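Enquirer: Sending over a structure as structure tokens; questions will come in a sec.
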Amino acid sequence: MNILMLSSTFPYPPTRGRKQLRTFHLLKYLGNSHHVTFLTQRDEQISDKDVENLEKQVAELVIFPVEEVSESEGIIEKAKRLGTFIQQGTPPEILKSYSSAIASWVKEAVQQGSFEIITCEDSINEIYIDSKWREQLGTVLNVHSSEYGRYKQQLETGDSENELKDQINLGVLRRYEQIYLSKFSEIVTVNQKDKRLLKELEPESHITVIPNGVDLAKFPRRVTNQGGQRMVFVGNMDRPANINAARFLALEIFPAVRQRYPEATLELVGAKPVAEIQELDAIPGIKVTGEVSSVVEYLHWATVCVLPMRQGFGLKNRTLEAMAMGVPVVGSDRALSGLEVDGARVPLRAMRANTLEEYVYAIGRLFATPKLREKLSENGRSLVETAYTWEKVGQRYEQVLLNALKSVNSEQ
């Protein structure tokens, strides 16, 4: 296939964030068997070395600069974007990243018949797609997360910081997503929740769920099942959901565990720890590491990885990475979202906990029971190998692109 992939987010290095991680591994897989042209934008944080590394993965790399708006123009441009949002329903953040140069380049390429397939890596890139193009080439949208779904779930779960504002945004985003979904012959979501939400908005759409994956070479299985009483939490320490989870773990769960296991320790591993996280380092038994060269070492030495997520939605990469390395996981419903880890006819792959008592019980059982740790280690690793490697994810994404191409050919 001759594929054009559009991504306003520069996907290298893939460790920079979830969008970068997913986009990089998908383009890497497709680039092995197909002619991939990757179009993206570059800001001052992207080095020449980053560009060189990305060029190795694709047949052609097309880069446009991020169009900066001066401070004096910012107020005017912001007002224009807000007006367009109200009138047309296109969110200001999408209009802010819009590039007329990219739009012209893509339009000309389609007119010349340069590609068989166009993929939009995340919904922010849908703005460059004309709904009429569905008739002449495959159009695929890879939705990393539904903004409408995020606002809807925040309101339903009580996580909203401004309910009135979110209610207003919810209605406008519903209309916006309904409009852009009709542009695409195939749509991909990361989880079932987003699929259900988008299907409600556009019942005729063809939606496939393809989760994120794990690079098993970077997250190898540990050699031995660690004993001891060492807990670890891993995540970027400037993100609200991780800050909330780390503080719950350090201030409520950890003291309760230490009452039963006085030698227990906790490591909070992750870059950019904010003041709310740094202050936890003063608690006896807790270490805040800040950025580390590799989280693998910390996970390999941990007795248990505790992920008490109470905010955020969707499949968590950190959960998969810990399971891939054979580290027993104790996690909340949100940390385990989208994964079959327990229940009837499901091998036990992680311990589920949502209350303080459930966390203390699950962690205590894993501290005290080597066979249980080994069971979770084996079953967790097996699940990742079976369904969550980037090779498996890439194969499924490739099939979606083939389906889009078949759909076009059958209508012509």
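Lettering and numbering for the structure tokens are positional, with chains as A, B, ... in the shown order, residues counted from 1 in each chain, and ligands counted from 1 in the shown order.
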Assign secondary structure with DSSP using the backbone only, and return the residues of range 41-288 of chain A in strand (DSSP E or B) as a PyMOL selection string.
Expert: chain A and resi 41-42+60-65+117-121+138-143+186-189+207-209+214+230-234+265-269+286-288
Enquirer: Would you mind listing what lies within 9 Å of Ile63 in chain A as a count of residues only, with only C-alpha atoms counted and same-chain residues fewer than 3 positions away left out?
Expert: 5
Enquirer: Have a look at A:Ile179, A:Val66, A:Ile168, A:Ile3 and name the one nearest to Gly113 in chain A; count only C-alpha atoms.
Expert: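 Between A:Ile179, A:Val66, A:Ile168, A:Ile3, the residue approaching Gly113 in chain A most closely is A:Ile3.
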Enquirer: Give one line per residue of range 110-134 of chain A that approaches range 189-197 of chain A to at most 12 Å, naming the two atoms of the closest pair and their distance in Å to one decimal, counting only C-alpha atoms; sort by chain then ascending residue number and deliver it as CSV.
Expert:
```
residue,atom,partner,partner_atom,distance
A:Glu121,CA,A:Thr189,CA,10.8
A:Asp122,CA,A:Thr189,CA,9.5
A:Ser123,CA,A:Thr189,CA,10.5
```
Enquirer: Please, could you write that set of residues out with N, CA and C atoms as a tab-separated table (two decimals), in the first residue's frame?
Expert:
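Listed below is the output, out.tsv:
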```tsv
chain	number	residue	atom	x	y	z
A	121	GLU	N	-3.55	10.28	12.48
A	121	GLU	CA	-3.13	9.76	13.78
A	121	GLU	C	-3.57	10.74	14.87
A	122	ASP	N	-4.74	10.50	15.37
A	122	ASP	CA	-5.47	11.30	16.36
A	122	ASP	C	-6.41	12.26	15.63
A	123	SER	N	-7.50	12.57	16.30
A	123	SER	CA	-8.59	13.31	15.67
A	123	SER	C	-8.23	14.75	15.34
```
Enquirer: Write out as a PyMOL selection string which residues come within 9 Å of Glu126 in chain A when counting only C-alpha atoms, dropping same-chain ones fewer than 6 positions away.
Expert: chain A and resi 6+120+141+180-181+183
Enquirer: List as a list in words the protein and nucleic acid residues near range 199-204 of chain A, meaning an atom at most 8 Å away when only C-alpha atoms are counted, but skip any in the same chain fewer than 6 places from it.
Expert: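 What passes the distance filter is Arg174, Glu177, Gln178, Leu181 and Ser182 of chain A.
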Enquirer: May I have all residues of range 105-139 of chain A that DSSP, computed from the backbone, assigns to alpha helix (DSSP H), given as an MDAnalysis selection string?
Expert: chainID A and resid 105:111
Enquirer: Those same residues, written as a short mmCIF file (atom, residue, chain, number, x, y, z; two decimals), in the first residue's frame with C-alpha atoms?
Expert:
```cif
data_model
loop_
_atom_site.label_atom_id
_atom_site.label_comp_id
_atom_site.auth_asym_id
_atom_site.auth_seq_id
_atom_site.Cartn_x
_atom_site.Cartn_y
_atom_site.Cartn_z
CA TRP A 105 0.10 19.96 0.47
CA VAL A 106 -2.39 17.23 1.35
CA LYS A 107 -5.04 18.54 -1.06
CA GLU A 108 -2.58 18.60 -3.96
CA ALA A 109 -1.33 15.09 -3.16
CA VAL A 110 -4.90 13.74 -3.21
CA GLN A 111 -5.68 15.50 -6.48
#
```
Enquirer: Do you have the CA of Phe233 in chain A-CA of Glu385 in chain A distance handy?
Expert: 22.6 Å
Enquirer: Could you name the residues that touch Gln154 in chain A at 9 Å or less, counting only C-alpha atoms, but leaving out those on the same chain fewer than 6 positions away, as a PyMOL selection string?
Expert: chain A and resi 160-161+163+166+311-312
Enquirer: Identify, on the basis of only C-alpha atoms, every residue whose closest approach to Arg381 in chain A does not exceed 7 Å; exclude the query and any residue fewer than 2 positions from it along the same chain; express the result as a list in words.
Expert: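 Counting only the stated atoms, we get Met323, Ala324, Met325, Gly326, Ser377, Glu378, Asn379, Leu383, Val384 and Glu385 of chain A.
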Enquirer: How would the residues just picked look written out with C-alpha atoms as a PDB file, in the first residue's frame?
Expert:
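The resulting file, out-v6.pdb, is shown below:
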```pdb
ATOM      1  CA  MET A 323       2.732  -7.141  33.494  1.00  0.00           C
ATOM      2  CA  ALA A 324       5.083  -7.666  30.545  1.00  0.00           C
ATOM      3  CA  MET A 325       8.039  -7.777  32.944  1.00  0.00           C
ATOM      4  CA  GLY A 326       6.316 -10.299  35.172  1.00  0.00           C
ATOM      5  CA  SER A 377       3.783 -13.021  36.935  1.00  0.00           C
ATOM      6  CA  GLU A 378       3.162 -15.927  34.549  1.00  0.00           C
ATOM      7  CA  ASN A 379      -0.403 -14.978  33.638  1.00  0.00           C
ATOM      8  CA  LEU A 383      -1.554 -11.936  28.327  1.00  0.00           C
ATOM      9  CA  VAL A 384       0.822  -9.277  26.993  1.00  0.00           C
ATOM     10  CA  GLU A 385       2.601 -11.749  24.703  1.00  0.00           C
TER      11      GLU A 385
END
```
Enquirer: When you look at Asn409 in chain A with a cut-off of 10 Å (counting only C-alpha atoms), what residues show up, excluding the ones that are within fewer than 2 positions of it in the same chain? I need them as an mmCIF file with C-alpha atoms, in the first residue's frame.
Expert:
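Okay, this is what ended up in part03.cif:
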```cif
data_model
loop_
_atom_site.group_PDB
_atom_site.id
_atom_site.type_symbol
_atom_site.label_atom_id
_atom_site.label_comp_id
_atom_site.auth_asym_id
_atom_site.auth_seq_id
_atom_site.Cartn_x
_atom_site.Cartn_y
_atom_site.Cartn_z
ATOM 1 C CA GLU A 135 -14.961 8.011 -2.735
ATOM 2 C CA GLN A 136 -11.435 7.841 -4.190
ATOM 3 C CA LEU A 137 -9.110 6.552 -1.455
ATOM 4 C CA GLY A 138 -9.169 4.886 1.929
ATOM 5 C CA ASN A 403 -10.309 -3.004 4.751
ATOM 6 C CA ALA A 404 -10.483 0.696 3.927
ATOM 7 C CA LEU A 405 -8.800 0.091 0.595
ATOM 8 C CA LYS A 406 -11.141 -2.798 -0.228
ATOM 9 C CA SER A 407 -14.123 -0.606 0.603
ATOM 10 C CA GLU A 411 -17.494 1.065 -4.687
ATOM 11 C CA GLN A 412 -15.606 2.109 -7.790
#
```
Enquirer: Contacts between range 362-370 of chain A and range 284-339 of chain A, please, where a residue of range 284-339 of chain A counts if it comes within 9 Å (with only C-alpha atoms); show its shortest atom pair and distance in Å to one decimal, rows by chain and ascending number, as CSV.
Expert:
```
residue,atom,partner,partner_atom,distance
A:Thr303,CA,A:Phe367,CA,7.1
A:Val304,CA,A:Leu366,CA,7.3
A:Val306,CA,A:Ile363,CA,8.1
A:Pro328,CA,A:Leu366,CA,7.9
A:Val330,CA,A:Ala362,CA,6.8
```
Enquirer: From the options A:Arg22, A:Arg373, A:Arg334, A:Lys49, which residue's atoms come nearest to Asn225 in chain A, counting only C-alpha atoms?
Expert: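 Checking each of A:Arg22, A:Arg373, A:Arg334, A:Lys49 against Asn225 in chain A, counting only C-alpha atoms, the winner is A:Arg373.
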Enquirer: Tell me which of A:His35, A:Arg150, A:Lys56, A:Arg222 sits closest to Glu297 in chain A, counting only C-alpha atoms.
Expert: A:Arg222
Enquirer: Under the rule that only C-alpha atoms are counted, which of A:Ala264, A:Val172, A:Ile124, A:Val209 is the nearest residue to Ala302 in chain A?
Expert: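 Selected residue with least distance to Ala302 in chain A: A:Ala264.
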Enquirer: Between A:Thr90, A:Gln229, A:Ser382, A:Ser47, single out the one closest to Val341 in chain A, counting only C-alpha atoms.
Expert: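 Ranked by minimum distance to Val341 in chain A, first place goes to A:Ser382.
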